[in-house]
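Quick look at target.tsv (TSV, C-alpha atoms):
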```tsv
chain	number	residue	atom	x	y	z
M	1	MET	CA	-37.74	-86.89	3.17
M	2	ALA	CA	-36.67	-83.72	4.95
M	3	HIS	CA	-38.39	-82.66	8.08
M	4	PRO	CA	-40.86	-79.83	7.36
M	5	SER	CA	-39.16	-77.56	9.83
M	6	SER	CA	-35.73	-78.00	8.22
M	7	ALA	CA	-36.46	-75.13	5.81
M	8	ARG	CA	-36.58	-72.77	8.78
M	9	ARG	CA	-33.36	-74.00	10.39
M	10	PRO	CA	-30.76	-71.24	10.84
M	11	ARG	CA	-28.10	-71.33	8.18
M	12	ARG	CA	-24.45	-70.75	8.81
M	13	ASN	CA	-21.60	-69.58	6.59
M	14	ALA	CA	-18.33	-71.43	6.06
M	15	TYR	CA	-17.01	-70.09	9.36
M	16	GLY	CA	-20.06	-71.17	11.33
M	17	ALA	CA	-21.55	-67.71	11.68
M	18	LEU	CA	-25.31	-67.39	11.50
M	19	LEU	CA	-26.73	-65.88	8.34
M	20	PRO	CA	-29.83	-63.66	8.41
M	21	THR	CA	-33.06	-65.49	7.91
M	22	GLY	CA	-34.12	-65.29	4.30
M	23	TRP	CA	-30.66	-64.24	3.12
M	24	PHE	CA	-30.56	-66.88	0.44
M	25	ASN	CA	-34.13	-66.19	-0.54
M	26	ARG	CA	-33.61	-62.39	-1.20
M	27	ARG	CA	-34.37	-61.69	-4.82
M	28	ARG	CA	-32.18	-59.33	-6.85
M	29	ARG	CA	-34.37	-56.61	-8.29
M	30	PRO	CA	-33.33	-55.22	-11.66
M	31	ALA	CA	-32.06	-51.59	-11.65
M	32	THR	CA	-34.57	-49.09	-12.90
M	33	ALA	CA	-33.71	-46.24	-15.23
M	34	ARG	CA	-33.81	-43.85	-12.28
M	35	SER	CA	-31.42	-46.05	-10.31
M	36	VAL	CA	-28.98	-46.10	-13.23
M	37	LEU	CA	-29.23	-42.33	-13.52
M	38	ALA	CA	-28.58	-41.87	-9.79
M	39	GLY	CA	-25.57	-44.13	-9.88
M	40	GLU	CA	-24.04	-42.46	-12.90
M	41	ALA	CA	-24.64	-39.01	-11.40
M	42	ALA	CA	-22.95	-40.00	-8.14
M	43	ALA	CA	-19.96	-41.41	-9.99
M	44	GLU	CA	-19.66	-38.30	-12.13
M	45	ALA	CA	-19.91	-36.02	-9.09
M	46	ALA	CA	-17.18	-37.98	-7.32
M	47	ARG	CA	-14.96	-37.81	-10.37
M	48	LYS	CA	-15.60	-34.07	-10.79
M	49	THR	CA	-14.77	-33.38	-7.13
M	50	SER	CA	-11.57	-35.38	-7.42
M	51	LEU	CA	-10.52	-33.47	-10.53
M	52	GLU	CA	-11.28	-30.12	-8.88
M	53	VAL	CA	-9.14	-30.97	-5.87
M	54	GLU	CA	-6.30	-32.04	-8.13
M	55	ALA	CA	-6.62	-28.81	-10.13
M	56	GLN	CA	-6.57	-26.69	-6.98
M	57	GLU	CA	-3.49	-28.45	-5.68
M	58	ALA	CA	-1.76	-28.04	-9.03
M	59	ALA	CA	-2.68	-24.33	-9.16
M	60	ALA	CA	-1.35	-23.81	-5.64
M	61	GLN	CA	1.92	-25.50	-6.57
M	62	LYS	CA	2.14	-23.49	-9.78
M	63	GLU	CA	1.42	-20.22	-7.96
M	64	GLY	CA	4.08	-20.98	-5.41
M	65	ALA	CA	6.55	-21.76	-8.15
M	66	GLU	CA	5.76	-18.60	-10.15
M	67	GLU	CA	5.75	-16.26	-7.12
M	68	PRO	CA	9.43	-15.54	-6.50
M	69	GLU	CA	10.64	-14.19	-3.22
M	70	PHE	CA	10.12	-10.43	-3.18
M	71	PRO	CA	12.02	-8.24	-2.91
M	72	VAL	CA	14.75	-10.17	-4.69
M	73	VAL	CA	17.91	-10.21	-2.60
M	74	GLY	CA	20.90	-8.74	-4.39
M	75	ASP	CA	18.97	-7.30	-7.34
M	76	THR	CA	20.83	-3.99	-7.73
M	77	HIS	CA	18.72	-3.03	-10.74
M	78	ALA	CA	15.62	-2.84	-8.54
M	79	ALA	CA	14.59	-0.15	-6.06
M	80	ALA	CA	11.50	0.94	-4.13
M	81	PHE	CA	9.65	4.26	-4.24
M	82	PHE	CA	7.37	5.28	-1.38
M	83	ASP	CA	4.85	8.09	-1.24
M	84	LEU	CA	5.01	9.86	2.14
M	85	ASP	CA	1.68	11.22	3.38
M	86	ASN	CA	-0.70	8.46	4.58
M	87	THR	CA	1.61	5.84	3.07
M	88	VAL	CA	4.67	6.06	5.28
M	89	MET	CA	3.29	8.62	7.74
M	90	GLN	CA	-0.16	9.08	9.22
M	91	GLY	CA	-1.54	12.39	7.99
M	92	ALA	CA	0.12	15.15	5.99
M	93	SER	CA	3.77	15.85	6.77
M	94	LEU	CA	3.27	19.42	5.62
M	95	PHE	CA	0.59	19.97	8.25
M	96	HIS	CA	2.88	18.70	11.01
M	97	PHE	CA	5.68	20.88	9.70
M	98	GLY	CA	3.35	23.87	9.71
M	99	ARG	CA	2.46	23.17	13.35
M	100	GLY	CA	6.13	23.29	14.23
M	101	LEU	CA	6.67	26.56	12.38
M	102	TYR	CA	3.67	28.16	14.06
M	103	LYS	CA	5.01	27.10	17.45
M	104	ARG	CA	8.23	28.93	16.55
M	105	ARG	CA	6.30	32.05	15.52
M	106	PHE	CA	7.07	31.84	11.81
M	107	PHE	CA	3.60	33.19	11.11
M	108	HIS	CA	0.65	34.75	12.93
M	109	LYS	CA	-2.74	33.39	13.95
M	110	ARG	CA	-4.42	34.91	10.92
M	111	ASP	CA	-1.97	33.02	8.69
M	112	LEU	CA	-2.64	29.84	10.64
M	113	ALA	CA	-6.40	30.29	10.27
M	114	ARG	CA	-5.99	30.74	6.53
M	115	PHE	CA	-3.74	27.72	6.30
M	116	VAL	CA	-6.17	25.54	8.26
M	117	TRP	CA	-9.09	26.69	6.12
M	118	GLN	CA	-7.20	25.70	2.98
M	119	GLN	CA	-6.53	22.24	4.45
M	120	ILE	CA	-10.21	21.81	5.35
M	121	TYR	CA	-11.28	22.91	1.88
M	122	PHE	CA	-8.94	20.51	0.10
M	123	ARG	CA	-9.75	17.64	2.46
M	124	PHE	CA	-13.52	17.75	2.41
M	125	ILE	CA	-14.28	19.41	-0.93
M	126	GLY	CA	-11.59	17.40	-2.67
M	127	SER	CA	-11.09	20.15	-5.25
M	128	GLU	CA	-7.86	20.77	-7.09
M	129	ASN	CA	-8.99	24.06	-8.56
M	130	PRO	CA	-5.86	25.81	-9.95
M	131	GLU	CA	-6.77	29.11	-8.30
M	132	HIS	CA	-7.09	27.54	-4.85
M	133	MET	CA	-3.88	25.57	-5.32
M	134	ALA	CA	-1.98	28.67	-6.41
M	135	ASP	CA	-3.33	30.63	-3.45
M	136	ALA	CA	-2.26	27.93	-0.99
M	137	ARG	CA	1.14	27.59	-2.60
M	138	ASN	CA	1.81	31.33	-2.59
M	139	SER	CA	0.80	31.75	1.05
M	140	ALA	CA	3.09	28.87	2.03
M	141	LEU	CA	6.02	30.25	0.08
M	142	SER	CA	5.60	33.66	1.67
M	143	ILE	CA	6.14	32.06	5.10
M	144	VAL	CA	9.64	30.83	4.29
M	145	GLN	CA	10.69	33.67	2.02
M	146	GLY	CA	13.83	35.33	3.38
M	147	HIS	CA	14.70	32.46	5.73
M	148	ARG	CA	17.89	30.47	5.32
M	149	VAL	CA	17.78	26.89	4.08
M	150	SER	CA	20.04	25.75	6.92
M	151	GLU	CA	17.64	27.28	9.45
M	152	LEU	CA	14.68	25.32	8.06
M	153	MET	CA	16.72	22.11	8.00
M	154	THR	CA	17.62	22.47	11.67
M	155	ILE	CA	14.03	23.26	12.61
M	156	GLY	CA	12.83	20.36	10.51
M	157	GLU	CA	14.90	17.93	12.58
M	158	GLU	CA	13.25	19.22	15.74
M	159	ILE	CA	9.76	19.08	14.22
M	160	TYR	CA	10.29	15.48	13.15
M	161	ASP	CA	10.99	14.49	16.75
M	162	GLU	CA	8.04	16.52	18.07
M	163	TYR	CA	5.27	15.59	15.65
M	164	MET	CA	6.32	13.00	13.06
M	165	ALA	CA	8.38	10.20	14.60
M	166	GLU	CA	5.41	8.54	16.30
M	167	ARG	CA	3.24	8.77	13.18
M	168	ILE	CA	5.24	6.39	11.00
M	169	TRP	CA	3.17	3.35	9.94
M	170	PRO	CA	5.03	0.27	11.28
M	171	GLY	CA	3.71	-1.88	8.45
M	172	THR	CA	4.99	0.42	5.72
M	173	ARG	CA	8.25	0.85	7.57
M	174	ALA	CA	8.66	-2.94	7.51
M	175	LEU	CA	8.07	-3.00	3.75
M	176	ALA	CA	10.79	-0.39	3.23
M	177	GLN	CA	13.15	-2.31	5.51
M	178	ALA	CA	12.60	-5.47	3.48
M	179	HIS	CA	13.93	-3.68	0.40
M	180	LEU	CA	16.88	-2.31	2.34
M	181	ASP	CA	17.66	-5.77	3.72
M	182	ALA	CA	17.59	-7.10	0.16
M	183	GLY	CA	20.32	-4.60	-0.74
M	184	GLN	CA	18.03	-2.26	-2.69
M	185	LYS	CA	17.75	1.51	-2.52
M	186	VAL	CA	14.57	3.05	-1.12
M	187	TRP	CA	13.38	6.55	-1.98
M	188	LEU	CA	10.59	8.76	-0.69
M	189	VAL	CA	8.69	10.49	-3.50
M	190	THR	CA	6.46	13.27	-2.25
M	191	ALA	CA	4.94	16.67	-2.91
M	192	ALA	CA	6.21	17.71	0.52
M	193	PRO	CA	9.27	19.99	0.69
M	194	VAL	CA	12.40	18.15	-0.28
M	195	GLU	CA	14.10	19.22	2.96
M	196	THR	CA	11.33	17.70	5.07
M	197	ALA	CA	11.32	14.54	2.94
M	198	THR	CA	15.11	14.23	3.18
M	199	ILE	CA	15.04	14.54	6.97
M	200	ILE	CA	12.38	11.80	7.22
M	201	ALA	CA	14.27	9.54	4.80
M	202	ARG	CA	17.48	9.96	6.77
M	203	ARG	CA	15.77	9.28	10.10
M	204	LEU	CA	14.24	6.08	8.69
M	205	GLY	CA	17.55	4.95	7.22
M	206	LEU	CA	16.30	5.22	3.63
M	207	THR	CA	18.42	6.13	0.65
M	208	GLY	CA	17.01	9.60	0.02
M	209	ALA	CA	14.04	11.62	-1.14
M	210	LEU	CA	12.47	13.30	-4.12
M	211	GLY	CA	10.33	16.27	-3.14
M	212	THR	CA	9.10	19.72	-4.11
M	213	VAL	CA	11.95	22.18	-4.58
M	214	ALA	CA	11.84	25.90	-3.80
M	215	GLU	CA	14.31	28.36	-5.20
M	216	SER	CA	17.11	29.70	-3.00
M	217	VAL	CA	19.84	32.21	-3.71
M	218	GLY	CA	22.87	32.29	-1.47
M	219	GLY	CA	21.18	29.80	0.82
M	220	VAL	CA	18.11	32.03	1.29
M	221	TYR	CA	14.61	31.21	0.02
M	222	THR	CA	13.31	33.57	-2.66
M	223	GLY	CA	9.65	32.58	-2.30
M	224	LYS	CA	9.52	30.92	-5.74
M	225	LEU	CA	9.32	27.30	-6.84
M	226	VAL	CA	11.73	25.46	-9.11
M	227	GLY	CA	9.26	24.15	-11.67
M	228	GLU	CA	6.08	22.96	-9.96
M	229	PRO	CA	5.07	20.85	-6.96
M	230	LEU	CA	6.09	17.20	-7.25
M	231	HIS	CA	2.56	15.90	-7.59
M	232	GLY	CA	0.77	13.37	-9.79
M	233	PRO	CA	2.48	13.03	-13.17
M	234	ALA	CA	5.48	15.00	-11.88
M	235	LYS	CA	6.20	12.15	-9.45
M	236	ALA	CA	6.23	9.67	-12.30
M	237	GLU	CA	8.67	11.84	-14.23
M	238	ALA	CA	10.93	12.12	-11.18
M	239	VAL	CA	10.97	8.33	-10.74
M	240	ARG	CA	11.64	7.82	-14.44
M	241	ALA	CA	14.55	10.29	-14.39
M	242	LEU	CA	16.05	8.80	-11.23
M	243	ALA	CA	15.74	5.27	-12.59
M	244	ALA	CA	17.63	6.29	-15.73
M	245	ALA	CA	20.37	7.97	-13.70
M	246	GLU	CA	20.68	4.98	-11.33
M	247	GLY	CA	20.53	2.32	-14.04
M	248	LEU	CA	17.35	0.77	-12.64
M	249	ASP	CA	14.96	-1.57	-14.44
M	250	LEU	CA	11.51	-0.19	-13.59
M	251	SER	CA	9.88	-3.54	-14.34
M	252	ARG	CA	11.79	-4.93	-11.35
M	253	CYS	CA	11.07	-1.94	-9.10
M	254	ALA	CA	8.26	-1.42	-6.59
M	255	ALA	CA	6.17	1.64	-5.73
M	256	TYR	CA	3.85	2.26	-2.80
M	257	SER	CA	1.13	4.89	-2.39
M	258	ASP	CA	-2.24	5.60	-0.79
M	259	SER	CA	-3.58	8.00	-3.41
M	260	ALA	CA	-5.13	7.69	-6.85
M	261	ASN	CA	-3.11	10.79	-7.73
M	262	ASP	CA	-0.08	8.49	-7.78
M	263	ILE	CA	-1.44	6.04	-10.33
M	264	PRO	CA	1.03	7.40	-12.93
M	265	MET	CA	3.94	6.53	-10.62
M	266	LEU	CA	2.51	3.15	-9.63
M	267	SER	CA	1.90	2.27	-13.28
M	268	LEU	CA	5.60	2.75	-14.07
M	269	VAL	CA	6.86	-0.17	-12.01
M	270	GLY	CA	6.49	-3.90	-12.16
M	271	HIS	CA	5.42	-4.20	-8.52
M	272	PRO	CA	2.82	-1.54	-7.59
M	273	TYR	CA	1.29	-1.57	-4.11
M	274	ALA	CA	-1.76	0.33	-2.87
M	275	VAL	CA	-1.10	1.10	0.81
M	276	ASN	CA	-3.96	2.46	2.96
M	277	PRO	CA	-5.65	3.31	-0.35
M	278	ASP	CA	-8.32	5.89	-0.96
M	279	GLY	CA	-11.50	4.69	-2.69
M	280	ARG	CA	-10.39	5.46	-6.24
M	281	LEU	CA	-7.02	3.78	-5.83
M	282	ARG	CA	-8.53	0.73	-4.16
M	283	LYS	CA	-10.92	0.27	-7.07
M	284	HIS	CA	-8.17	0.77	-9.65
M	285	ALA	CA	-5.81	-1.59	-7.83
M	286	ARG	CA	-8.42	-4.36	-7.77
M	287	GLU	CA	-9.14	-3.89	-11.46
M	288	GLN	CA	-5.43	-4.09	-12.27
M	289	GLY	CA	-4.63	-6.91	-9.89
M	290	TRP	CA	-2.26	-4.77	-7.81
M	291	ARG	CA	-1.41	-5.79	-4.28
M	292	LEU	CA	-3.10	-4.01	-1.38
M	293	ARG	CA	-1.85	-3.33	2.12
M	294	ASP	CA	-4.00	-1.56	4.72
M	295	TYR	CA	-2.56	-0.79	8.14
M	296	ARG	CA	-5.51	1.23	9.41
M	297	THR	CA	-7.37	-0.58	12.20
M	298	GLY	CA	-10.08	-0.02	14.79
M	299	ARG	CA	-12.38	2.13	12.68
M	300	LYS	CA	-13.34	2.89	9.15
M	301	ALA	CA	-10.39	4.60	7.53
M	302	VAL	CA	-10.91	8.25	6.72
M	303	LYS	CA	-9.05	10.32	4.23
M	304	ILE	CA	-6.51	12.12	6.37
M	305	GLY	CA	-4.49	13.51	3.53
M	306	ILE	CA	-5.54	16.33	1.26
M	307	PRO	CA	-5.96	15.80	-2.50
M	308	ALA	CA	-4.15	19.01	-3.30
M	309	ALA	CA	-1.36	18.77	-0.77
M	310	ALA	CA	0.95	19.59	-3.64
M	311	GLY	CA	-0.55	23.05	-3.72
M	312	VAL	CA	1.29	23.86	-0.52
M	313	GLY	CA	4.15	21.46	-1.08
M	314	ALA	CA	6.74	24.19	-1.14
M	315	LEU	CA	6.27	25.36	2.41
M	316	ALA	CA	9.92	24.80	3.14
M	317	GLY	CA	11.10	24.57	-0.42
M	318	GLY	CA	14.35	23.14	-1.69
M	319	ALA	CA	17.99	24.03	-1.70
M	320	ALA	CA	18.21	24.84	-5.42
M	321	ALA	CA	18.83	21.32	-6.70
M	322	ALA	CA	16.16	19.36	-8.50
M	323	VAL	CA	16.54	16.55	-5.97
M	324	ALA	CA	18.35	16.14	-2.68
M	325	LEU	CA	19.81	12.66	-2.48
M	326	GLN	CA	21.21	11.25	0.74
M	327	ARG	CA	22.95	7.90	0.85
M	328	ARG	CA	21.35	5.43	3.23
M	329	ARG	CA	23.16	5.09	6.56
M	330	ARG	CA	23.78	1.59	7.84
```

Write the structure described by the file as structure tokens, please.
Amino acid sequence: MAHPSSARRPRRNAYGALLPTGWFNRRRRPATARSVLAGEAAAEAARKTSLEVEAQEAAAQKEGAEEPEFPVVGDTHAAAFFDLDNTVMQGASLFHFGRGLYKRRFFHKRDLARFVWQQIYFRFIGSENPEHMADARNSALSIVQGHRVSELMTIGEEIYDEYMAERIWPGTRALAQAHLDAGQKVWLVTAAPVETATIIARRLGLTGALGTVAESVGGVYTGKLVGEPLHGPAKAEAVRALAAAEGLDLSRCAAYSDSANDIPMLSLVGHPYAVNPDGRLRKHAREQGWRLRDYRTGRKAVKIGIPAAAGVGALAGGAAAAVALQRRRR
């Protein structure tokens, strides 16, 4: 007969280790319905989490596979089109050009006051009233009327060094350089005078520029436009015409702009970018899934450009050709 205290002797496992008192006496309680539910829910949650992680990893791999390197190196049927004001350059190129002309006594203080008032009106009122645009355009054309094209080109080079060179956005410049490095042509497309745009394009090593053209006879400005300012839909038509002449596939091309006025141009290409976008363009770009780039830092971005800059886009005019194309210098 076993000693009464033997039931309380410590028990050991096969390796001699002590087992907790009452270990063999613990009763297995049947799982309740709530226990079963908790277990199944935990298992399902674990399985769901695992599937989500796998799906995310697969999507990341798929996205990486579908996102080719851009711009595509050696794709000669692709090109890039850049708006100028607030996209490539901080502020309005026309305003900086006007500063340079005023410094050289091309017009008087009363003309400057009128010009500044028009800029303020367009900037803060945001109106593109045809009468105001025509008034601004006519006053700008009157400034260059009678001057030689060569004279304005020479002055434009000086003005670029004085007021424009330090206002180029480094980020946008890098985007343009990426296209150049890929062997693609890069064009400025702007409502600014084609001479001004061509000077800027040449200084940046770009291919050339499309800009507003003013009439000249014998190398002298007449004070009239050839057609209308290169603004809004006119930009899109210029890009379309250039693409046809150059044998480009617009679905492989890229376009960059800050303004909702350039939605027609951006919509033409397969790779549209909103750069330093205004509110309307930012909203449209998000709705369309376009890429955004914003190089403004340190404060809330303000609208530096003027909605109707095209109204005074012919300040310096053009040299009688619809476009002035300069081959990119290496």

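Considering the residues M:Asn276, M:Ser93, M:Asn261, M:Ser267 and counting all atoms listed in the file, M:Tyr163 has its shortest atom-to-atom contact with M:Ser93.
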
Just the residues within 8 Å of M:Met265, please, counting only C-alpha atoms, with nothing from its chain fewer than 4 positions along; format it as a PyMOL selection string. chain M and resi 232-233+235-237+239+255+269

Can you work out the spacing between atom CA of M:Pro193 and atom CA of M:Asn86 in Å, to one decimal?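 These two atoms are separated by 15.7 Å.
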
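Across the structure, atom CA of M:Ala243 and atom CA of M:Pro170 are spaced 26.6 Å apart.
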
Non-local contacts of M:Ile168 (10 Å; only C-alpha atoms; under 3 positions in same chain excluded) as a list in words: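 In the requested form, the answer reads Leu84, Asp85, Asn86, Thr87, Val88, Met89, Gln90, Gly91, Met164, Ala165, Gly171, Thr172, Arg173, Ile200 and Leu204 of chain M.
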
At what distance in Å, to one decimal, does atom CA of M:Tyr273 lie from atom CA of M:Gln288? 10.9 Å

Closest to M:Arg293 among M:Ala174, M:Val226, M:Ala245, M:Leu268, using all atoms listed in the file?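 Closest residue, counting all atoms listed in the file: M:Ala174.
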
Using all atoms listed in the file, pick whichever of M:Glu287, M:Glu215, M:Asp181, M:Glu166 has the shortest atom-to-atom distance to M:Gly74.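 Counting all atoms listed in the file, the residue closest to M:Gly74 is M:Asp181.
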
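Of the residues listed (M:Ser259, M:Ala80, M:Phe95, M:Pro229), M:Ala80 shows the shortest atom-to-atom separation from M:His271; distances use all atoms listed in the file.
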
With all atoms listed in the file as the basis for distance, which of M:Lys185, M:Lys224, M:Arg282, M:Arg167 is at the shortest distance from M:Thr76? M:Lys185

Selected residue of minimal separation from M:Tyr221 among M:Val144, M:Phe70, M:Ala41, M:Thr49, counting only C-alpha atoms: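 So, comparing all the options, the nearest one is M:Val144.
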